[in-house]
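As structure tokens, the structure follows; a few thoughts come after it.
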Amino acid sequence: MGNATEWFDYGVYAATATYLADAFFPGDLGTLGVMLGFAVSFVLRPLGGMVWGPLGDRIGRKAVLATTILLMAAATGAIGILPTHGQVGVLAPILLITLRVVQGFSTGGEYGGAATYMAECAGDRKRGFYGSFLEFGTLGGFVGGSAVVLACQLALGTDAMHDWGWRLPFLIALPLGAIGWYLRSRLAESPIFEEVAASKAKRPPTGLREVVVTYRRETLTLMGLVVALNVVNYTLLTYQPTYLQNTVGVAESTTTAMMLIGQLIMMLAIPFFGALSDRVGRRPMWLVSLLGLIVFALPMYWLMGQGIAWAVVGFVVLGLLYLPQLATISSTFPAIFPTHVRYAGFAFGYNVSTALFGGTAPLVNEAAIEGTGWSLFPAAYMMGASVIGLIAWFFLRETAGTSLRGTEVPDAATDANLVAAKA
């Protein structure tokens, strides 16, 4: 619920991009302005990760998660009451970007903390299945945002949506944030964190310096995988509505409905992929996904240009190929690091890579299409990112079924060797 509330904003922002362009960035470069506003929110994510991650390793996961959701909900709701460019001029886009920065700072601690908490609370043998529900919440936020925008479009019509109706979905974030905070503030702390915190043995060093110096391989592996993960994520789930409207010529409400259908299919499938990773491992899931995207991205984007029905098929195929990555984030990434630097390592590596290659994906795609006229550029961008992810995959340790307890790097191969030695 908490994660869905956090990502509700991204679904709303993507689905209302054309309205935000008219309200805050009037002119020929309106779409680029909105995509810039999206990318700017990621500039503060690494800083948020640097602040929230080490804090979560020192004081616990629960307190940080309760705080970040309040910041996110307040900033999202405030977008719904902003004055437009026609009312206050250039101050309007400045205020919008400022709120996006606040959202980025809060999100810098949100995702790493939520995934870390889920991984540490789930059993070793079902970490993939239970962890996948965090991504179920992420997609739920996107779907909820798209569904609310679609309902407003159908109820109010195009003129009212451009005039004032776009504000309503953002305002809904306020009660959702209150619900998320209520739930998170009543969570028990992660038992694995409490074990390390209560241990009488000397606690290993924590913080960013320890992550960068001692766990360099783990950090770089995570960052490489996140390049693939987030270029695909923000191209498919955030930029796609703008792409379909501006490049393919699909109507606004049709685009929103198509995205909604595709995301619902992904939501239904994600727990099955999570459970599958518990049986076959995380590395095989990532390998199939990365190779599948490299092979099928270009054909599926070509297919999207052949009509609305084919656009749905292309989106669903790419979404299903992406799911083995998405479904295993919460079981794969936290397990890369040991407990005492898990939150900081995840938050730092994930958010730096996301800021550089994830949040900028819609802006890069839009600028490249406008500059070159090549409508298949998003497919090529996804393919290149997947190649980087494939390189990082070779350094990824298998951790399915491995305990996350203690201060050693989890590794299924090491665990198996220890068992064999004892036998």
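Within each chain, counting starts at residue 1; across the structure tokens, chains are named A, B, ... in the order shown, with ligands numbered 1 upward in that order.
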| task | Tell me, as an MDAnalysis selection string, which residues lie within 9 Å of region 375-388 of chain A, counting only C-alpha atoms; anything in the same chain fewer than 5 positions away does not count. | result | chainID A and resid 224:225 227:232 235 243 247:248 289:291 293:302 305 357 361:362 364:366 368:370 393
Which residues of region 300-332 of chain A come within 8 Å of region 107-128 of chain A, and for each one, what is the closest pair of atoms and their distance in Å to one decimal, counting only C-alpha atoms, sorted by chain and residue number, as CSV?
residue,atom,partner,partner_atom,distance
A:Ala327,CA,A:Gly128,CA,7.5
A:Thr328,CA,A:Gly128,CA,5.9
A:Ile329,CA,A:Ala115,CA,7.5
A:Ser330,CA,A:Ala115,CA,4.7
A:Ser331,CA,A:Gly128,CA,5.2
Give me, as a PDB file with C-alpha atoms, in the first residue's frame, all polymer residues having an atom no more than 9 Å from region 90-106 of chain A, counting only C-alpha atoms and skipping those fewer than 3 positions away in the same chain.
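What ended up in part.pdb:
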ATOM      1  CA  ALA A  23      -0.603  24.411 -18.084  1.00  0.00           C
ATOM      2  CA  PHE A  24       3.084  24.929 -17.288  1.00  0.00           C
ATOM      3  CA  PHE A  25       5.088  24.841 -20.541  1.00  0.00           C
ATOM      4  CA  GLY A  33       9.367  20.745 -20.652  1.00  0.00           C
ATOM      5  CA  LEU A  36      12.430  17.739 -18.137  1.00  0.00           C
ATOM      6  CA  GLY A  37      10.218  18.116 -15.062  1.00  0.00           C
ATOM      7  CA  PHE A  38      10.112  14.344 -14.813  1.00  0.00           C
ATOM      8  CA  ALA A  39      13.894  14.023 -15.198  1.00  0.00           C
ATOM      9  CA  VAL A  40      14.631  16.780 -12.662  1.00  0.00           C
ATOM     10  CA  SER A  41      12.800  14.836  -9.956  1.00  0.00           C
ATOM     11  CA  PHE A  42      15.558  12.243 -10.280  1.00  0.00           C
ATOM     12  CA  VAL A  43      18.400  14.705  -9.742  1.00  0.00           C
ATOM     13  CA  LEU A  44      17.770  14.686  -5.995  1.00  0.00           C
ATOM     14  CA  ARG A  45      17.290  10.932  -5.773  1.00  0.00           C
ATOM     15  CA  PRO A  46      20.994  10.161  -5.237  1.00  0.00           C
ATOM     16  CA  LEU A  47      21.152  12.817  -2.515  1.00  0.00           C
ATOM     17  CA  GLY A  48      18.024  11.337  -0.953  1.00  0.00           C
ATOM     18  CA  GLY A  49      19.646   7.908  -1.090  1.00  0.00           C
ATOM     19  CA  TRP A  52      18.002   8.126   3.919  1.00  0.00           C
ATOM     20  CA  THR A  67       8.831   9.784   6.822  1.00  0.00           C
ATOM     21  CA  THR A  68       9.423   9.440   3.079  1.00  0.00           C
ATOM     22  CA  ILE A  69       5.792   8.674   2.313  1.00  0.00           C
ATOM     23  CA  LEU A  70       4.648  11.872   4.040  1.00  0.00           C
ATOM     24  CA  LEU A  71       7.048  13.976   1.954  1.00  0.00           C
ATOM     25  CA  MET A  72       5.992  12.315  -1.281  1.00  0.00           C
ATOM     26  CA  ALA A  73       2.245  12.645  -0.661  1.00  0.00           C
ATOM     27  CA  ALA A  74       2.501  16.290   0.387  1.00  0.00           C
ATOM     28  CA  ALA A  75       4.534  17.246  -2.706  1.00  0.00           C
ATOM     29  CA  THR A  76       2.209  15.341  -5.047  1.00  0.00           C
ATOM     30  CA  ALA A  78       0.637  20.382  -3.826  1.00  0.00           C
ATOM     31  CA  ILE A  79       0.993  19.987  -7.614  1.00  0.00           C
ATOM     32  CA  LEU A  82      -0.258  25.117  -8.335  1.00  0.00           C
ATOM     33  CA  PRO A  83      -1.012  28.227 -10.427  1.00  0.00           C
ATOM     34  CA  THR A  84      -0.524  27.814 -14.170  1.00  0.00           C
ATOM     35  CA  HIS A  85       1.801  29.640 -16.560  1.00  0.00           C
ATOM     36  CA  GLY A  86      -1.124  31.766 -17.706  1.00  0.00           C
ATOM     37  CA  GLN A  87      -1.668  32.960 -14.117  1.00  0.00           C
ATOM     38  CA  GLY A 109      14.963   6.676   0.448  1.00  0.00           C
ATOM     39  CA  GLU A 110      11.640   5.098  -0.393  1.00  0.00           C
TER      40      GLU A 110
END
CA of Glu194 (chain A) and CA of Val226 (chain A) are how many Å apart?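 Separation of CA of Glu194 (chain A) and CA of Val226 (chain A): 28.2 Å.
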Among A:Gly262, A:Gly389, A:Gly401, A:Gly27, Gly140 (chain A) is approached most closely, using only C-alpha atoms, by A:Gly262
From the set A:Thr31, A:Asn3, A:Thr372, A:Ser403, which residue has the shortest atom-to-atom contact distance to Ala66 (chain A), counting only C-alpha atoms?
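Looking only at the distances to Ala66 (chain A), the closest residue turns out to be A:Asn3.
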So that I can check the surroundings of region 142-150 of chain A, please list as a ChimeraX atom specification every protein, DNA and RNA residue that reaches within 7 Å of it, counting only C-alpha atoms and ignoring chain neighbours fewer than 2 positions away. /A:7-12,15,138-140,152-154,169,253,256-257,260,263-264
Go ahead and write the residues just picked, all heavy atoms, as a short mmCIF file (atom, residue, chain, number, x, y, z; two decimals), in the first residue's frame.
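Output saved as part.cif:
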data_model
loop_
_atom_site.label_atom_id
_atom_site.label_comp_id
_atom_site.auth_asym_id
_atom_site.auth_seq_id
_atom_site.Cartn_x
_atom_site.Cartn_y
_atom_site.Cartn_z
N TRP A 7 4.17 5.58 -5.81
CA TRP A 7 4.29 5.54 -7.26
C TRP A 7 3.00 5.96 -7.98
O TRP A 7 2.97 6.03 -9.21
CB TRP A 7 4.74 4.16 -7.70
CG TRP A 7 6.14 3.91 -7.22
CD1 TRP A 7 6.52 3.25 -6.08
CD2 TRP A 7 7.35 4.35 -7.82
NE1 TRP A 7 7.88 3.26 -5.94
CE2 TRP A 7 8.41 3.92 -7.00
CE3 TRP A 7 7.64 5.07 -8.98
CZ2 TRP A 7 9.75 4.20 -7.29
CZ3 TRP A 7 8.96 5.33 -9.27
CH2 TRP A 7 10.00 4.90 -8.44
N PHE A 8 1.97 6.24 -7.21
CA PHE A 8 0.75 6.80 -7.79
C PHE A 8 1.08 8.09 -8.53
O PHE A 8 0.55 8.37 -9.61
CB PHE A 8 -0.27 7.06 -6.67
CG PHE A 8 -1.53 7.74 -7.11
CD1 PHE A 8 -2.58 7.01 -7.65
CD2 PHE A 8 -1.69 9.11 -6.98
CE1 PHE A 8 -3.75 7.63 -8.05
CE2 PHE A 8 -2.85 9.75 -7.38
CZ PHE A 8 -3.89 9.00 -7.92
N ASP A 9 1.96 8.90 -7.94
CA ASP A 9 2.33 10.17 -8.57
C ASP A 9 2.92 9.97 -9.95
O ASP A 9 2.59 10.71 -10.89
CB ASP A 9 3.36 10.91 -7.71
CG ASP A 9 4.09 11.98 -8.51
OD1 ASP A 9 3.47 13.00 -8.80
OD2 ASP A 9 5.26 11.78 -8.86
N TYR A 10 3.79 8.96 -10.11
CA TYR A 10 4.43 8.77 -11.41
C TYR A 10 3.42 8.34 -12.47
O TYR A 10 3.52 8.72 -13.63
CB TYR A 10 5.56 7.74 -11.27
CG TYR A 10 6.74 8.30 -10.53
CD1 TYR A 10 6.83 8.18 -9.15
CD2 TYR A 10 7.75 8.97 -11.20
CE1 TYR A 10 7.91 8.71 -8.45
CE2 TYR A 10 8.83 9.50 -10.52
CZ TYR A 10 8.91 9.36 -9.14
OH TYR A 10 9.96 9.90 -8.45
N GLY A 11 2.43 7.55 -12.05
CA GLY A 11 1.38 7.17 -12.98
C GLY A 11 0.54 8.37 -13.41
O GLY A 11 0.22 8.54 -14.59
N VAL A 12 0.20 9.22 -12.45
CA VAL A 12 -0.59 10.42 -12.75
C VAL A 12 0.21 11.38 -13.62
O VAL A 12 -0.30 11.93 -14.61
CB VAL A 12 -1.03 11.11 -11.44
CG1 VAL A 12 -1.61 12.50 -11.74
CG2 VAL A 12 -2.05 10.26 -10.71
N ALA A 15 0.34 10.10 -17.19
CA ALA A 15 -0.95 10.12 -17.87
C ALA A 15 -1.46 11.54 -18.13
O ALA A 15 -2.31 11.74 -18.99
CB ALA A 15 -1.98 9.34 -17.06
N THR A 138 3.97 -1.18 -6.85
CA THR A 138 4.47 -0.17 -7.80
C THR A 138 3.55 -0.06 -9.01
O THR A 138 3.12 1.03 -9.40
CB THR A 138 5.90 -0.53 -8.26
OG1 THR A 138 6.77 -0.53 -7.14
CG2 THR A 138 6.40 0.46 -9.30
N LEU A 139 3.26 -1.21 -9.61
CA LEU A 139 2.35 -1.21 -10.77
C LEU A 139 0.96 -0.77 -10.36
O LEU A 139 0.25 -0.12 -11.13
CB LEU A 139 2.31 -2.60 -11.40
CG LEU A 139 3.54 -3.00 -12.22
CD1 LEU A 139 3.45 -4.45 -12.64
CD2 LEU A 139 3.70 -2.11 -13.43
N GLY A 140 0.56 -1.12 -9.12
CA GLY A 140 -0.73 -0.67 -8.63
C GLY A 140 -0.81 0.84 -8.58
O GLY A 140 -1.86 1.43 -8.88
N CYS A 152 -11.42 10.59 -14.99
CA CYS A 152 -11.62 12.04 -15.12
C CYS A 152 -11.82 12.45 -16.58
O CYS A 152 -12.67 13.30 -16.88
CB CYS A 152 -10.42 12.79 -14.53
SG CYS A 152 -10.28 12.69 -12.73
N GLN A 153 -11.06 11.83 -17.48
CA GLN A 153 -11.21 12.13 -18.91
C GLN A 153 -12.61 11.78 -19.40
O GLN A 153 -13.24 12.55 -20.14
CB GLN A 153 -10.16 11.36 -19.71
CG GLN A 153 -8.75 11.88 -19.55
CD GLN A 153 -7.72 10.96 -20.19
OE1 GLN A 153 -7.97 9.77 -20.39
NE2 GLN A 153 -6.55 11.49 -20.49
N LEU A 154 -13.11 10.62 -19.00
CA LEU A 154 -14.43 10.18 -19.45
C LEU A 154 -15.54 11.00 -18.82
O LEU A 154 -16.57 11.27 -19.45
CB LEU A 154 -14.62 8.69 -19.12
CG LEU A 154 -13.67 7.72 -19.85
CD1 LEU A 154 -13.90 6.29 -19.36
CD2 LEU A 154 -13.87 7.81 -21.36
N PRO A 169 -6.49 14.24 -9.97
CA PRO A 169 -5.70 13.05 -9.62
C PRO A 169 -4.56 13.35 -8.64
O PRO A 169 -4.25 12.52 -7.78
CB PRO A 169 -5.16 12.59 -10.97
CG PRO A 169 -6.13 13.12 -11.97
CD PRO A 169 -6.57 14.43 -11.43
N SER A 253 -7.50 9.36 -24.45
CA SER A 253 -8.22 8.39 -23.62
C SER A 253 -7.90 6.95 -24.04
O SER A 253 -7.82 6.06 -23.20
CB SER A 253 -9.74 8.63 -23.71
OG SER A 253 -10.18 8.54 -25.06
N THR A 256 -4.52 6.05 -22.53
CA THR A 256 -4.64 5.78 -21.10
C THR A 256 -5.25 4.41 -20.87
O THR A 256 -4.78 3.63 -20.01
CB THR A 256 -5.49 6.86 -20.41
OG1 THR A 256 -4.95 8.15 -20.70
CG2 THR A 256 -5.50 6.66 -18.90
N ALA A 257 -6.29 4.07 -21.64
CA ALA A 257 -6.93 2.76 -21.49
C ALA A 257 -5.98 1.63 -21.87
O ALA A 257 -5.92 0.59 -21.19
CB ALA A 257 -8.19 2.71 -22.36
N LEU A 260 -3.48 1.10 -19.19
CA LEU A 260 -4.16 0.49 -18.04
C LEU A 260 -4.28 -1.03 -18.23
O LEU A 260 -3.99 -1.81 -17.31
CB LEU A 260 -5.53 1.12 -17.86
CG LEU A 260 -6.32 0.77 -16.61
CD1 LEU A 260 -5.56 1.18 -15.36
CD2 LEU A 260 -7.69 1.43 -16.63
N GLN A 263 -0.76 -2.71 -17.96
CA GLN A 263 -0.26 -2.73 -16.59
C GLN A 263 -1.03 -3.71 -15.72
O GLN A 263 -0.46 -4.35 -14.83
CB GLN A 263 -0.30 -1.33 -16.01
CG GLN A 263 0.72 -0.39 -16.64
CD GLN A 263 0.47 1.08 -16.33
OE1 GLN A 263 -0.42 1.42 -15.56
NE2 GLN A 263 1.25 1.94 -16.94
N LEU A 264 -2.33 -3.85 -15.95
CA LEU A 264 -3.12 -4.82 -15.20
C LEU A 264 -2.65 -6.25 -15.49
O LEU A 264 -2.57 -7.08 -14.58
CB LEU A 264 -4.61 -4.66 -15.53
CG LEU A 264 -5.33 -3.50 -14.86
CD1 LEU A 264 -6.74 -3.34 -15.45
CD2 LEU A 264 -5.40 -3.69 -13.35
#
Min atom-atom distance to Leu244 (chain A) from the set A:Phe315, A:Trp374, A:Phe348, A:Tyr182, counting only C-alpha atoms, belongs to A:Phe315
Next on the checklist: Which residues are near Ile59 (chain A)? Cut-off 10 Å, only C-alpha atoms, ignore same chain within fewer than 4 positions. Put them as a list in words.
Outcome noted: Pro54, Leu55, Ala63, Val64, Phe193, Glu194 and Ala197 of chain A
Write the residues of the selection above to a file with C-alpha atoms, as a short mmCIF file (atom, residue, chain, number, x, y, z; two decimals), in the first residue's frame.
data_model
loop_
_atom_site.label_atom_id
_atom_site.label_comp_id
_atom_site.auth_asym_id
_atom_site.auth_seq_id
_atom_site.Cartn_x
_atom_site.Cartn_y
_atom_site.Cartn_z
CA PRO A 54 22.74 5.36 5.93
CA LEU A 55 20.05 6.67 8.28
CA ALA A 63 11.12 5.28 10.73
CA VAL A 64 12.60 6.25 7.38
CA PHE A 193 18.18 -5.43 11.26
CA GLU A 194 17.31 -5.86 14.93
CA ALA A 197 21.72 -3.87 16.02
#
Shortest interatomic distance to Arg186 (chain A) - which of A:Arg217, A:Lys62, A:His340, A:Arg282, counting only C-alpha atoms =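 For Arg186 (chain A), the nearest of the candidates is A:Lys62.
Proximity to Trp181 (chain A) was assessed for A:Thr16, A:Asn246, A:Ser199, A:Thr5 counting only C-alpha atoms; the smallest distance is recorded for A:Thr5.
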Report, in Å to a single decimal, how far apart CA of Val34 (chain A) and CA of Gly157 (chain A) are.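 Going from CA of Gly157 (chain A) over to CA of Val34 (chain A) covers 21.6 Å.
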Report task. Tell me which protein, DNA and RNA residues are within 9 Å of Pro205 (chain A), counting only C-alpha atoms, leaving out same-chain ones fewer than 4 positions away, and put them as number ranges by chain. Result -> A: 209-210, 340-341
Residues from last step as file, C-alpha atoms, as a PDB file, in the first residue's frame:
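See out09.pdb below for the written result:
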ATOM      1  CA  ARG A 209      32.320   5.248   2.557  1.00  0.00           C
ATOM      2  CA  GLU A 210      32.065   1.610   3.577  1.00  0.00           C
ATOM      3  CA  HIS A 340      24.929  -3.433   7.964  1.00  0.00           C
ATOM      4  CA  VAL A 341      25.188  -1.598   4.605  1.00  0.00           C
TER       5      VAL A 341
END
- Message: Calculated over only C-alpha atoms, which of the candidates A:Met304, A:Met1, A:Ser277, A:Gly131 has the smallest distance to Gln245 (chain A)?
- Response: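 Of all the options, A:Met304 lies closest to Gln245 (chain A).
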